[in-house]
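Asker: First the structure, then my questions, so here it is.
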Amino acid sequence: MTKTSRRNRFRLKILRALRPWHRRLGLVSALFILLLVLTGVAINHSDDFGLDQTPVTQSWLLDYYGIAAPLHVAQFGVAPSALYITDNLLWQNQHMILEANTTLISASYVDNMLVAIDAQQLYLFNDLGQLQETQNASTGLPSGLLALAIVDGRVWLNTDNGVYQADEQLIDWQAIAPLTTPVAWLSESKVVDKEVVNLARSANLHWQRVMLDLHSGRLFGHLSVWLWDLFALALLMVSLSGFWIWLKQKPPR
C-alpha cells in the first residue's frame with residue numbers, strides 16, 4: 001500500500017467520523033441562531049406586538065422568576081364596581097390604576113371620584129381611574145392614616161392623632177372630637193376575587209422582559225454564561241469542520 005493510498009484512507013476515516021458530528025453541531029447551532037433571531041425580532045418590534053404591555057400570566061413562569069403572591073389583598077365593594085388592593089397596587093375593573101410607595105389601606109368611590117389612602121398619602125382619581133391629585137402632610141393632610149369612611153358624601157379619616165373630616169372640596173381637614181356618633185369605617189370584603197391575585201403577580205412581569213432575558217441568556221441564571229459559551233463553541237466547530245470537510249473532500253471527476 002502506497003503512502004498516498006494510506007493518506008487517502010485516513011482522510012476518508014476522518015471525513016466519515018466528522019460528518020455526523022458536523023450535522024449534530026449544525027442542528028444545535030441552527031436552533032440557537034433561530035432562538036436569537038426570533039427573540040431579536042420580538043424585542044425590536046415589542047411595541048408593535050404589545051409585549052411591553054402584555055403581562056405574563058403563566059404561573060410556572062412567574063414562579064420561576066420568584067414573583068410571589070401579594071401579602072395584603074383586600075376588596076372594597078362588590079363586582080363589577082369593586083376596588084381591589086394588592087400590597088401597594090390599586091385595581092379598578094381589573095386594571096391597575098396606582099402603584100404607591102407603601103401598602104395601601106383602603107379605597108372607595110365618593111360622588112364622581114375615587115379616593116384611596118396609604119399611611120401617609122391620599123390619592124384622588126376621576127371616575128375613569130385617572131389620578132388627579134395626591135395629598136400628604138405638606139398639603140395639610142393628617143399623618144398616620146388608619147382607616148377611611150364616606151359619610152354623607154364627605155371623606156372621613158381615622159388617624160393616629162384622631163378623627164378628621166374633609167370639606168366638600170377635599171382641601172381642608174377638620175378634627176372631630178369628641179365623636180358624637182360612631183363612624184362606619186370601610187372594611188374589606190370577606191371574599192376576594194382570586195383573579196386579582198394572579199393579576200397582581202402578572203403586573204411585575206411582561207413578555208418584553210422575558211424576551212430580553214431569553215435573548216441574552218439571563219433567563220437561565222448563572223448557567224447561562226456557560227450555556228451561551230457552549231453554543232458559541234458549537235458555532236465555531238461547525239464553521240471549522242465544514243471548512244475542513246470542504247477542503248479535504250475529493251474534487252468531482
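Chain identifiers are assigned as A, B, and so on, following the order in which chains appear in the C-alpha cells; residues are numbered from 1 within each chain, and ligands are numbered from 1 in order of appearance.
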Please extract the residues of stretch 16-110 of chain A with a backbone DSSP assignment of helix (DSSP H, G or I) and present them as a PyMOL selection string.

Answerer: chain A and resi 16-44+46-49+59-64

Asker: Could you list, as a list in words, every residue within 9 Å of A:Leu122, counting only C-alpha atoms and ignoring same-chain residues fewer than 3 positions away?

Answerer: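 Answer for this query is Val115, Ala116, Ile117, Asp118, Ala119, Glu133, Thr134, Gln135, Asn136, Leu141 and Leu145 of chain A.
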
Asker: For a quick check of understanding, using only C-alpha atoms, which of A:Leu236, A:Arg209, A:Leu199, A:Leu214 has the smallest distance to A:Gln58?

Answerer: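 Distance minimum relative to A:Gln58 lands on A:Leu199.
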
Asker: Determine which residues of stretch 20-155 of chain A DSSP labels as strand (DSSP E) from the backbone of this structure, then write them out as an MDAnalysis selection string.

Answerer: chainID A and resid 73:76 83:86 89:92 95:99 104:110 113:118 122:126 131:135 145:151 154:155

Asker: Save the residues we just selected, N, CA and C atoms, as a tab-separated table (two decimals), in the first residue's frame?

Answerer:
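Saved as selection03.tsv:
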```tsv
chain	number	residue	atom	x	y	z
A	73	VAL	N	-54.11	41.52	50.42
A	73	VAL	CA	-55.13	41.56	49.36
A	73	VAL	C	-56.45	41.97	49.99
A	74	ALA	N	-57.08	43.00	49.44
A	74	ALA	CA	-58.34	43.49	50.00
A	74	ALA	C	-59.28	43.89	48.88
A	75	GLN	N	-60.55	43.64	49.10
A	75	GLN	CA	-61.59	44.03	48.15
A	75	GLN	C	-62.58	44.95	48.85
A	76	PHE	N	-62.89	46.07	48.19
A	76	PHE	CA	-63.85	47.03	48.73
A	76	PHE	C	-64.98	47.19	47.73
A	83	LEU	N	-63.31	47.71	44.10
A	83	LEU	CA	-61.93	48.17	44.07
A	83	LEU	C	-61.08	47.15	44.82
A	84	TYR	N	-59.87	46.92	44.31
A	84	TYR	CA	-59.01	45.90	44.90
A	84	TYR	C	-57.67	46.52	45.26
A	85	ILE	N	-57.14	46.05	46.38
A	85	ILE	CA	-55.81	46.45	46.82
A	85	ILE	C	-54.96	45.19	46.95
A	86	THR	N	-53.80	45.21	46.32
A	86	THR	CA	-52.82	44.14	46.48
A	86	THR	C	-51.49	44.79	46.84
A	89	LEU	N	-50.61	48.20	45.23
A	89	LEU	CA	-51.28	48.40	43.95
A	89	LEU	C	-52.78	48.56	44.16
A	90	LEU	N	-53.38	49.45	43.36
A	90	LEU	CA	-54.83	49.66	43.38
A	90	LEU	C	-55.39	49.28	42.02
A	91	TRP	N	-56.50	48.50	42.04
A	91	TRP	CA	-57.09	47.97	40.81
A	91	TRP	C	-58.53	48.42	40.68
A	92	GLN	N	-58.90	48.80	39.47
A	92	GLN	CA	-60.28	49.14	39.13
A	92	GLN	C	-60.64	48.41	37.84
A	95	HIS	N	-57.91	46.59	36.18
A	95	HIS	CA	-56.83	47.39	35.60
A	95	HIS	C	-56.11	48.12	36.73
A	96	MET	N	-54.79	48.04	36.74
A	96	MET	CA	-54.03	48.72	37.77
A	96	MET	C	-54.03	50.22	37.50
A	97	ILE	N	-54.46	51.00	38.49
A	97	ILE	CA	-54.53	52.45	38.32
A	97	ILE	C	-53.56	53.19	39.23
A	98	LEU	N	-52.93	52.47	40.16
A	98	LEU	CA	-52.00	53.14	41.07
A	98	LEU	C	-50.96	52.16	41.58
A	99	GLU	N	-49.72	52.62	41.60
A	99	GLU	CA	-48.63	51.90	42.26
A	99	GLU	C	-48.04	52.85	43.30
A	104	LEU	N	-51.19	50.07	50.50
A	104	LEU	CA	-52.44	50.82	50.56
A	104	LEU	C	-53.34	50.26	51.65
A	105	ILE	N	-54.20	51.13	52.19
A	105	ILE	CA	-55.04	50.74	53.32
A	105	ILE	C	-56.49	50.56	52.91
A	106	SER	N	-57.03	51.53	52.17
A	106	SER	CA	-58.46	51.50	51.86
A	106	SER	C	-58.73	52.31	50.61
A	107	ALA	N	-59.90	52.06	49.99
A	107	ALA	CA	-60.29	52.79	48.78
A	107	ALA	C	-61.81	52.76	48.67
A	108	SER	N	-62.36	53.82	48.05
A	108	SER	CA	-63.81	53.90	47.90
A	108	SER	C	-64.17	54.95	46.86
A	109	TYR	N	-65.39	54.85	46.35
A	109	TYR	CA	-65.95	55.88	45.48
A	109	TYR	C	-66.64	56.93	46.36
A	110	VAL	N	-66.54	58.19	45.92
A	110	VAL	CA	-67.26	59.26	46.58
A	110	VAL	C	-67.71	60.23	45.49
A	113	MET	N	-65.86	60.65	42.09
A	113	MET	CA	-64.42	60.48	42.28
A	113	MET	C	-64.14	59.14	42.96
A	114	LEU	N	-62.86	58.84	43.02
A	114	LEU	CA	-62.38	57.64	43.70
A	114	LEU	C	-61.27	58.10	44.63
A	115	VAL	N	-61.30	57.63	45.87
A	115	VAL	CA	-60.29	58.03	46.84
A	115	VAL	C	-59.64	56.79	47.43
A	116	ALA	N	-58.33	56.86	47.63
A	116	ALA	CA	-57.58	55.76	48.24
A	116	ALA	C	-56.54	56.35	49.18
A	117	ILE	N	-56.15	55.57	50.18
A	117	ILE	CA	-55.18	56.07	51.16
A	117	ILE	C	-54.14	54.99	51.47
A	118	ASP	N	-52.94	55.46	51.79
A	118	ASP	CA	-51.97	54.64	52.50
A	118	ASP	C	-51.69	55.34	53.82
A	122	LEU	N	-53.08	60.54	50.51
A	122	LEU	CA	-54.42	60.33	49.99
A	122	LEU	C	-54.38	60.58	48.49
A	123	TYR	N	-55.01	59.68	47.72
A	123	TYR	CA	-54.98	59.75	46.27
A	123	TYR	C	-56.40	59.97	45.75
A	124	LEU	N	-56.55	60.94	44.85
A	124	LEU	CA	-57.84	61.25	44.26
A	124	LEU	C	-57.81	60.92	42.77
A	125	PHE	N	-58.84	60.21	42.31
A	125	PHE	CA	-58.96	59.82	40.91
A	125	PHE	C	-60.30	60.30	40.37
A	126	ASN	N	-60.39	60.44	39.05
A	126	ASN	CA	-61.71	60.64	38.46
A	126	ASN	C	-62.38	59.28	38.29
A	131	LEU	N	-55.44	59.35	37.93
A	131	LEU	CA	-55.00	60.06	39.12
A	131	LEU	C	-55.06	61.57	38.88
A	132	GLN	N	-55.75	62.28	39.77
A	132	GLN	CA	-55.91	63.72	39.64
A	132	GLN	C	-55.09	64.50	40.66
A	133	GLU	N	-54.93	63.93	41.85
A	133	GLU	CA	-54.28	64.69	42.92
A	133	GLU	C	-53.75	63.73	43.98
A	134	THR	N	-52.64	64.12	44.58
A	134	THR	CA	-52.07	63.39	45.72
A	134	THR	C	-51.88	64.36	46.87
A	135	GLN	N	-52.41	64.00	48.03
A	135	GLN	CA	-52.27	64.84	49.22
A	135	GLN	C	-51.39	64.13	50.25
A	145	LEU	N	-52.41	57.74	58.76
A	145	LEU	CA	-53.75	57.32	58.38
A	145	LEU	C	-53.97	55.85	58.73
A	146	LEU	N	-55.18	55.57	59.24
A	146	LEU	CA	-55.52	54.21	59.66
A	146	LEU	C	-56.72	53.64	58.93
A	147	ALA	N	-57.71	54.49	58.63
A	147	ALA	CA	-58.94	53.99	58.01
A	147	ALA	C	-59.63	55.12	57.27
A	148	LEU	N	-60.56	54.72	56.41
A	148	LEU	CA	-61.29	55.66	55.55
A	148	LEU	C	-62.78	55.40	55.68
A	149	ALA	N	-63.56	56.47	55.62
A	149	ALA	CA	-65.02	56.35	55.66
A	149	ALA	C	-65.63	57.43	54.77
A	150	ILE	N	-66.79	57.11	54.20
A	150	ILE	CA	-67.56	58.07	53.41
A	150	ILE	C	-68.89	58.26	54.12
A	151	VAL	N	-69.12	59.46	54.64
A	151	VAL	CA	-70.34	59.76	55.39
A	151	VAL	C	-71.01	60.97	54.76
A	154	ARG	N	-69.02	62.97	52.37
A	154	ARG	CA	-67.79	63.56	52.90
A	154	ARG	C	-66.78	62.45	53.21
A	155	VAL	N	-65.51	62.79	53.06
A	155	VAL	CA	-64.44	61.84	53.36
A	155	VAL	C	-64.00	62.02	54.81
```

Asker: What does the distance between atom CA of A:Asn198 and atom CA of A:Gln53 come to in Å, to one decimal place?

Answerer: 15.9 Å

Asker: For A:Ser46, work out the shell of residues within 12 Å, counting only C-alpha atoms and skipping chain neighbours fewer than 6 positions away, then give it as a list in words.

Answerer: Leu38, Thr39, Gly40, Asp52, Gln53, Thr54, His206, Trp207, Gln208, Arg209, Val210, Met211 and Leu212 of chain A

Asker: Please list as a ChimeraX atom specification every residue within 6 Å of A:Trp173, counting only C-alpha atoms and excluding residues in the same chain fewer than 6 positions away.

Answerer: /A:164-166
